[in-house]
file upload08.txt (compact mmCIF, C-alpha atoms)
# COMPACT_ATOMS: atom_id res chain seq x y z
CA MET A 1 93.76 132.71 99.78
CA LYS A 2 96.83 134.70 100.86
CA ASP A 3 94.90 136.21 103.75
CA LEU A 4 93.49 132.81 104.73
CA SER A 5 96.90 131.10 104.57
CA SER A 6 98.50 133.88 106.59
CA ARG A 7 95.76 133.65 109.24
CA ILE A 8 96.18 129.87 109.57
CA ARG A 9 99.97 130.22 109.93
CA THR A 10 99.46 132.85 112.64
CA ILE A 11 97.00 130.65 114.53
CA LEU A 12 99.42 127.71 114.49
CA SER A 13 102.39 129.87 115.48
CA ASP A 14 100.44 131.14 118.48
CA THR A 15 99.35 127.63 119.52
CA PRO A 16 101.45 125.57 121.98
CA GLU A 17 103.25 122.75 120.17
CA HIS A 18 101.42 119.96 121.97
CA GLU A 19 98.05 121.37 120.78
CA ARG A 20 98.92 122.17 117.15
CA PHE A 21 97.76 118.92 115.55
CA HIS A 22 94.43 119.18 117.40
CA VAL A 23 94.01 122.73 116.12
CA ILE A 24 94.92 121.67 112.58
CA ARG A 25 92.28 118.97 112.66
CA ASP A 26 89.70 121.42 114.01
CA ILE A 27 90.48 123.71 111.07
CA CYS A 28 90.10 120.74 108.72
CA TRP A 29 86.70 119.96 110.24
CA GLN A 30 85.60 123.49 109.39
CA ILE A 31 86.67 122.73 105.81
CA GLU A 32 84.50 119.60 105.88
CA LYS A 33 81.52 121.62 107.09
CA GLY A 34 82.23 124.20 104.41
CA LEU A 35 82.06 121.51 101.73
CA PHE A 36 78.69 120.38 103.05
CA ASN A 37 77.46 123.96 103.16
CA CYS A 38 78.00 124.10 99.41
CA TYR A 39 75.11 121.65 99.06
CA MET A 40 73.12 121.57 102.30
CA SER A 41 72.62 123.30 105.62
CA VAL A 42 75.07 122.34 108.36
CA PRO A 43 74.53 123.80 111.86
CA ASP A 44 77.22 126.31 112.86
CA ASP A 45 77.08 125.17 116.48
CA TYR A 46 78.24 121.67 115.53
CA SER A 47 81.59 122.05 117.27
CA ALA A 48 84.88 120.28 116.64
CA GLU A 49 84.89 119.21 120.30
CA GLU A 50 81.58 117.42 119.82
CA VAL A 51 82.94 115.73 116.72
CA ARG A 52 86.09 114.65 118.52
CA GLU A 53 84.12 112.96 121.29
CA CYS A 54 81.87 110.92 118.99
CA LYS A 55 82.73 107.63 117.30
CA ARG A 56 81.36 108.41 113.87
CA THR A 57 83.09 109.43 110.70
CA SER A 58 82.38 111.76 107.80
CA TYR A 59 83.16 111.95 104.12
CA VAL A 60 82.52 114.02 101.02
CA ASP A 61 82.83 112.34 97.63
CA ASN A 62 82.42 113.97 94.23
CA ASP A 63 84.01 113.92 90.77
CA TYR A 64 86.89 116.14 91.91
CA GLY A 65 88.10 114.04 94.84
CA PHE A 66 87.02 112.99 98.30
CA THR A 67 87.60 113.62 102.00
CA TYR A 68 87.52 111.16 104.87
CA VAL A 69 87.30 112.17 108.52
CA SER A 70 87.75 109.65 111.31
CA ASN A 71 86.81 110.30 114.93
CA GLY A 72 87.28 108.32 118.09
CA PRO A 73 90.60 107.41 119.74
CA SER A 74 92.70 107.88 116.57
CA PRO A 75 91.11 110.81 114.72
CA PHE A 76 92.41 111.93 111.34
CA PHE A 77 91.39 114.11 108.41
CA SER A 78 92.35 113.21 104.86
CA VAL A 79 91.70 114.84 101.51
CA PHE A 80 92.34 113.28 98.11
CA PRO A 81 92.03 115.67 95.18
CA GLN A 82 91.44 113.85 91.90
CA TYR A 83 93.39 115.17 88.93
CA GLU A 84 92.39 113.53 85.65
CA ASN A 85 93.67 109.91 85.67
CA ALA A 86 96.09 110.24 88.60
CA TYR A 87 94.36 107.56 90.71
CA THR A 88 94.53 105.07 87.84
CA GLU A 89 98.15 105.87 87.08
CA THR A 90 99.15 105.48 90.72
CA ILE A 91 97.27 102.23 91.37
CA GLY A 92 97.96 100.70 87.96
CA ASP A 93 96.87 97.07 87.77
CA GLY A 94 96.97 96.84 91.58
CA GLU A 95 99.72 94.22 91.62
CA GLN A 96 102.29 96.28 93.51
CA ILE A 97 99.73 97.20 96.16
CA ARG A 98 98.55 93.59 96.40
CA GLU A 99 102.15 92.51 97.02
CA ILE A 100 102.44 94.90 99.96
CA PHE A 101 99.33 93.46 101.59
CA GLU A 102 100.55 89.94 100.80
CA ARG A 103 103.78 90.61 102.69
CA LEU A 104 101.89 92.07 105.64
CA SER A 105 99.56 89.03 105.73
CA SER A 106 102.31 86.96 107.36
CA PRO A 107 101.81 86.89 111.16
CA GLU A 108 105.58 86.84 111.67
CA VAL A 109 106.05 89.88 109.44
CA MET A 110 103.25 91.79 111.15
CA ARG A 111 104.73 91.10 114.58
CA ALA A 112 108.10 92.33 113.32
CA VAL A 113 106.52 95.45 111.80
CA LEU A 114 104.84 96.28 115.12
CA PHE A 115 108.15 95.65 116.93
CA ILE A 116 109.87 98.19 114.65
CA HIS A 117 107.23 100.82 115.39
CA LYS A 118 107.52 100.32 119.14
CA LYS A 119 111.19 101.30 119.00
CA ASP A 120 112.91 104.63 118.52
CA ASN A 121 114.10 105.60 115.07
CA ARG A 122 117.57 104.15 114.36
CA TYR A 123 117.19 101.43 117.01
CA LEU A 124 119.88 98.76 116.46
CA PHE A 125 119.18 95.04 116.83
CA ASP A 126 120.29 91.70 115.44
CA ALA A 127 118.34 88.82 113.96
CA ASP A 128 118.41 86.80 117.17
CA LEU A 129 116.79 89.60 119.15
CA LEU A 130 114.07 90.09 116.54
CA ALA A 131 113.37 86.35 116.47
CA ALA A 132 113.13 86.18 120.27
CA GLU A 133 111.02 89.32 120.71
CA CYS A 134 108.57 88.46 117.90
CA SER A 135 108.43 84.65 118.27
CA ILE A 136 109.78 84.09 114.77
CA PRO A 137 111.08 80.58 114.03
CA ALA A 138 114.73 80.32 113.02
CA ASP A 139 113.81 79.06 109.55
CA LYS A 140 111.70 82.21 108.87
CA ILE A 141 113.79 85.01 110.36
CA GLU A 142 115.82 85.61 107.20
CA SER A 143 112.75 85.96 105.00
CA VAL A 144 111.05 88.24 107.56
CA ILE A 145 114.06 90.56 107.63
CA GLY A 146 114.05 90.49 103.83
CA VAL A 147 110.45 91.76 103.82
CA LEU A 148 111.29 94.47 106.37
CA MET A 149 114.05 95.65 104.06
CA GLU A 150 111.71 95.59 101.02
CA LEU A 151 109.27 97.75 102.99
CA HIS A 152 112.16 100.10 103.90
CA LEU A 153 111.60 99.52 107.62
CA VAL A 154 115.17 98.43 108.38
CA ALA A 155 118.61 99.14 107.01
CA GLU A 156 121.36 96.57 107.21
CA GLN A 157 124.68 97.43 108.85
CA GLU A 158 127.80 95.28 109.02
CA LEU A 159 130.16 95.84 111.94
CA GLU A 160 133.31 94.16 113.15
CA ILE A 161 133.40 93.37 116.87
CA ASP A 162 136.47 91.64 118.31
CA GLU A 163 137.59 90.88 114.75
CA LYS A 164 134.29 89.12 114.08
CA ALA A 165 131.87 90.33 111.42
CA CYS A 166 128.42 91.12 112.84
CA LYS A 167 125.25 92.00 110.97
CA LEU A 168 122.96 94.49 112.66
CA TYR A 169 119.74 96.15 111.55
CA CYS A 170 118.69 99.75 112.09
CA SER A 171 114.99 100.49 112.49
CA GLU A 172 113.29 103.04 110.25
CA PRO A 173 109.64 103.34 111.40
CA SER A 174 107.22 104.46 108.69
CA LEU A 175 104.53 107.08 109.26
CA VAL A 176 103.01 105.94 105.94
CA LEU A 177 102.43 102.43 107.33
CA ILE A 178 100.90 103.79 110.54
CA ALA A 179 98.59 105.97 108.44
CA MET A 180 97.68 102.95 106.30
CA PHE A 181 96.88 100.86 109.38
CA LEU A 182 94.64 103.58 110.82
CA PHE A 183 92.90 104.01 107.49
CA THR A 184 92.56 100.24 106.95
CA ASP A 185 90.82 99.93 110.32
CA GLN A 186 87.97 102.00 108.86
CA ILE A 187 87.08 99.18 106.46
CA TYR A 188 85.47 97.25 109.32
CA TYR A 189 84.01 100.36 110.92
CA ASP A 190 80.22 100.01 111.06
CA LYS A 191 79.01 102.63 113.55
CA GLY A 192 77.51 104.91 110.90
CA TYR A 193 78.38 108.42 109.82
CA ARG A 194 77.79 111.88 111.23
CA TYR A 195 77.74 113.45 107.77
CA GLN A 196 78.15 111.75 104.45
CA ALA A 197 77.81 113.09 100.94
CA GLU A 198 78.06 111.14 97.70
CA TRP A 199 77.94 113.35 94.65
CA ARG A 200 80.28 111.29 92.47
CA ASN A 201 79.06 110.60 88.93
CA LYS A 202 82.13 108.88 87.54
CA PRO A 203 84.19 105.86 88.71
CA PHE A 204 87.34 106.26 90.80
CA LEU A 205 89.47 104.48 88.20
CA THR A 206 89.36 104.68 84.41
call {"tool": "encode", "arguments": {"input": "upload08.txt", "output": "structure tokens"}}
result
Amino acid sequence: MKDLSSRIRTILSDTPEHERFHVIRDICWQIEKGLFNCYMSVPDDYSAEEVRECKRTSYVDNDYGFTYVSNGPSPFFSVFPQYENAYTETIGDGEQIREIFERLSSPEVMRAVLFIHKKDNRYLFDADLLAAECSIPADKIESVIGVLMELHLVAEQELEIDEKACKLYCSEPSLVLIAMFLFTDQIYYDKGYRYQAEWRNKPFLT
């Protein structure tokens, strides 16, 4: 593993910065093929470039975790090792996760969330600007900002301008939310799979 880790670090160090994430994902695809090779024959000439150009996805699922590979315009590679009851402990009764989706179910909140992610980190704005840009009625803007704060997407700042107290908000875009949106999009994905492997014998949650 030390030799492998050292080789990967060298490859990435020698790769131009704008290509590094593509190279990382290509390496991850080789990992996916390696997992399949543990159980079945996978052609060596099945290149990462071919995978990147297709619209299909891939996954491996067994009692020790699962992978999920998405292709198309927003490709990603994810791996979820499963350690004992960690999934159950993290998800719990599901209520906290349900509350997050409940907050995002509001059209006004979703428009505000997208607004935040279209701005640079630490972008300053006031409630009136958010209401105007996201078509949020005056009677809902306070609750929308409250949700943004609960989701840690904005931080409140109070300033004094011309001896008048002003309340501003500082944007804090979330890579976790962007990842969740890209992953959630796969729920409706119905174009089939390039490779899929289901070797799980036990439930995800206990």
call {"tool": "residues_near_point", "arguments": {"input": "upload08.txt", "point": "(114.9, 106.1, 113.7)", "cutoff": "8 Å", "atoms": "only C-alpha atoms", "output": "PDB file with C-alpha atoms, keeping the file's coordinate frame"}}
result
ATOM      1  CA  ASP A 120     112.910 104.630 118.520  1.00  0.00           C
ATOM      2  CA  ASN A 121     114.100 105.600 115.070  1.00  0.00           C
ATOM      3  CA  ARG A 122     117.570 104.150 114.360  1.00  0.00           C
ATOM      4  CA  TYR A 123     117.190 101.430 117.010  1.00  0.00           C
ATOM      5  CA  CYS A 170     118.690  99.750 112.090  1.00  0.00           C
ATOM      6  CA  SER A 171     114.990 100.490 112.490  1.00  0.00           C
ATOM      7  CA  GLU A 172     113.290 103.040 110.250  1.00  0.00           C
ATOM      8  CA  PRO A 173     109.640 103.340 111.400  1.00  0.00           C
TER       9      PRO A 173
END
call {"tool": "closest_residue", "arguments": {"input": "upload08.txt", "among": "A:Ile27, A:Met110, A:Val60, A:Met1", "to": "A:Arg200", "atoms": "all atoms listed in the file"}}
result
A:Val60
call {"tool": "closest_residue", "arguments": {"input": "upload08.txt", "among": "A:Leu159, A:Cys28, A:Leu104, A:Ile178", "to": "A:His117", "atoms": "all atoms listed in the file"}}
result
A:Ile178
call {"tool": "closest_residue", "arguments": {"input": "upload08.txt", "among": "A:Phe204, A:Phe101, A:Tyr189, A:Phe21", "to": "A:Gly65", "atoms": "only C-alpha atoms"}}
result
A:Phe204
call {"tool": "residues_around", "arguments": {"input": "upload08.txt", "residues": "A:Leu130", "least_positions_apart": "6", "cutoff": "10 Å", "atoms": "all atoms listed in the file", "output": "ChimeraX atom specification"}}
result
/A:111-112,115-116,136,141,144-145,169
call {"tool": "closest_residue", "arguments": {"input": "upload08.txt", "among": "A:Asp93, A:Asp190, A:Tyr83, A:Ser58", "to": "A:Asn71", "atoms": "all atoms listed in the file"}}
result
A:Ser58
call {"tool": "atom_distance", "arguments": {"input": "upload08.txt", "atom1": "atom CA of A:Gly72", "atom2": "atom CA of A:His22"}}
result
13.0 Å
call {"tool": "closest_residue", "arguments": {"input": "upload08.txt", "among": "A:Ile161, A:Ala197, A:Leu124, A:Leu205", "to": "A:Asn62", "atoms": "only C-alpha atoms"}}
result
A:Ala197
call {"tool": "atom_distance", "arguments": {"input": "upload08.txt", "atom1": "atom CA of A:Phe183", "atom2": "atom CA of A:Pro16"}}
result
27.3 Å
call {"tool": "atom_distance", "arguments": {"input": "upload08.txt", "atom1": "atom CA of A:Asp61", "atom2": "atom CA of A:Thr90"}}
result
19.0 Å
call {"tool": "closest_residue", "arguments": {"input": "upload08.txt", "among": "A:Val69, A:Asp139, A:Val79, A:Tyr64", "to": "A:Asn201", "atoms": "all atoms listed in the file"}}
result
A:Tyr64
call {"tool": "decode", "arguments": {"input": "upload08.txt", "residues": "stretch 119-141 of chain A", "atoms": "N, CA and C atoms", "output": "mmCIF file, in the first residue's frame"}}
result
data_model
loop_
_atom_site.group_PDB
_atom_site.id
_atom_site.type_symbol
_atom_site.label_atom_id
_atom_site.label_comp_id
_atom_site.auth_asym_id
_atom_site.auth_seq_id
_atom_site.Cartn_x
_atom_site.Cartn_y
_atom_site.Cartn_z
ATOM 1 N N LYS A 119 -23.078 32.520 -6.175
ATOM 2 C CA LYS A 119 -22.261 33.638 -5.727
ATOM 3 C C LYS A 119 -20.941 33.146 -5.151
ATOM 4 N N ASP A 120 -19.963 34.048 -5.125
ATOM 5 C CA ASP A 120 -18.684 33.717 -4.512
ATOM 6 C C ASP A 120 -18.846 33.518 -3.018
ATOM 7 N N ASN A 121 -17.931 32.741 -2.450
ATOM 8 C CA ASN A 121 -17.915 32.571 -1.000
ATOM 9 C C ASN A 121 -17.726 33.932 -0.330
ATOM 10 N N ARG A 122 -18.458 34.167 0.743
ATOM 11 C CA ARG A 122 -18.412 35.411 1.521
ATOM 12 C C ARG A 122 -19.080 36.569 0.791
ATOM 13 N N TYR A 123 -19.958 36.288 -0.143
ATOM 14 C CA TYR A 123 -20.729 37.337 -0.824
ATOM 15 C C TYR A 123 -21.701 37.968 0.163
ATOM 16 N N LEU A 124 -21.726 39.308 0.230
ATOM 17 C CA LEU A 124 -22.594 40.020 1.176
ATOM 18 C C LEU A 124 -23.859 40.514 0.482
ATOM 19 N N PHE A 125 -24.988 40.342 1.165
ATOM 20 C CA PHE A 125 -26.267 40.813 0.624
ATOM 21 C C PHE A 125 -27.223 41.083 1.779
ATOM 22 N N ASP A 126 -28.304 41.784 1.482
ATOM 23 C CA ASP A 126 -29.322 42.011 2.507
ATOM 24 C C ASP A 126 -30.602 41.277 2.127
ATOM 25 N N ALA A 127 -31.565 41.326 3.018
ATOM 26 C CA ALA A 127 -32.809 40.585 2.809
ATOM 27 C C ALA A 127 -33.564 41.076 1.584
ATOM 28 N N ASP A 128 -33.530 42.386 1.355
ATOM 29 C CA ASP A 128 -34.261 42.941 0.216
ATOM 30 C C ASP A 128 -33.697 42.420 -1.106
ATOM 31 N N LEU A 129 -32.383 42.321 -1.196
ATOM 32 C CA LEU A 129 -31.778 41.808 -2.423
ATOM 33 C C LEU A 129 -32.157 40.348 -2.647
ATOM 34 N N LEU A 130 -32.089 39.550 -1.582
ATOM 35 C CA LEU A 130 -32.441 38.132 -1.705
ATOM 36 C C LEU A 130 -33.894 37.976 -2.143
ATOM 37 N N ALA A 131 -34.784 38.777 -1.541
ATOM 38 C CA ALA A 131 -36.200 38.712 -1.893
ATOM 39 C C ALA A 131 -36.423 39.062 -3.359
ATOM 40 N N ALA A 132 -35.732 40.099 -3.838
ATOM 41 C CA ALA A 132 -35.902 40.542 -5.220
ATOM 42 C C ALA A 132 -35.320 39.534 -6.206
ATOM 43 N N GLU A 133 -34.122 39.027 -5.919
ATOM 44 C CA GLU A 133 -33.446 38.120 -6.838
ATOM 45 C C GLU A 133 -34.125 36.749 -6.916
ATOM 46 N N CYS A 134 -34.767 36.335 -5.818
ATOM 47 C CA CYS A 134 -35.344 34.983 -5.753
ATOM 48 C C CYS A 134 -36.867 34.982 -5.735
ATOM 49 N N SER A 135 -37.475 36.140 -5.985
ATOM 50 C CA SER A 135 -38.946 36.250 -6.009
ATOM 51 C C SER A 135 -39.579 35.681 -4.743
ATOM 52 N N ILE A 136 -39.087 36.130 -3.604
ATOM 53 C CA ILE A 136 -39.594 35.668 -2.316
ATOM 54 C C ILE A 136 -40.506 36.748 -1.730
ATOM 55 N N PRO A 137 -41.757 36.424 -1.445
ATOM 56 C CA PRO A 137 -42.670 37.411 -0.867
ATOM 57 C C PRO A 137 -42.142 37.965 0.455
ATOM 58 N N ALA A 138 -42.515 39.200 0.747
ATOM 59 C CA ALA A 138 -42.025 39.870 1.955
ATOM 60 C C ALA A 138 -42.368 39.098 3.219
ATOM 61 N N ASP A 139 -43.547 38.431 3.218
ATOM 62 C CA ASP A 139 -43.964 37.720 4.426
ATOM 63 C C ASP A 139 -43.233 36.388 4.619
ATOM 64 N N LYS A 140 -42.389 35.986 3.642
ATOM 65 C CA LYS A 140 -41.661 34.717 3.754
ATOM 66 C C LYS A 140 -40.153 34.886 3.864
ATOM 67 N N ILE A 141 -39.657 36.099 3.592
ATOM 68 C CA ILE A 141 -38.207 36.277 3.520
ATOM 69 C C ILE A 141 -37.524 35.971 4.838
#
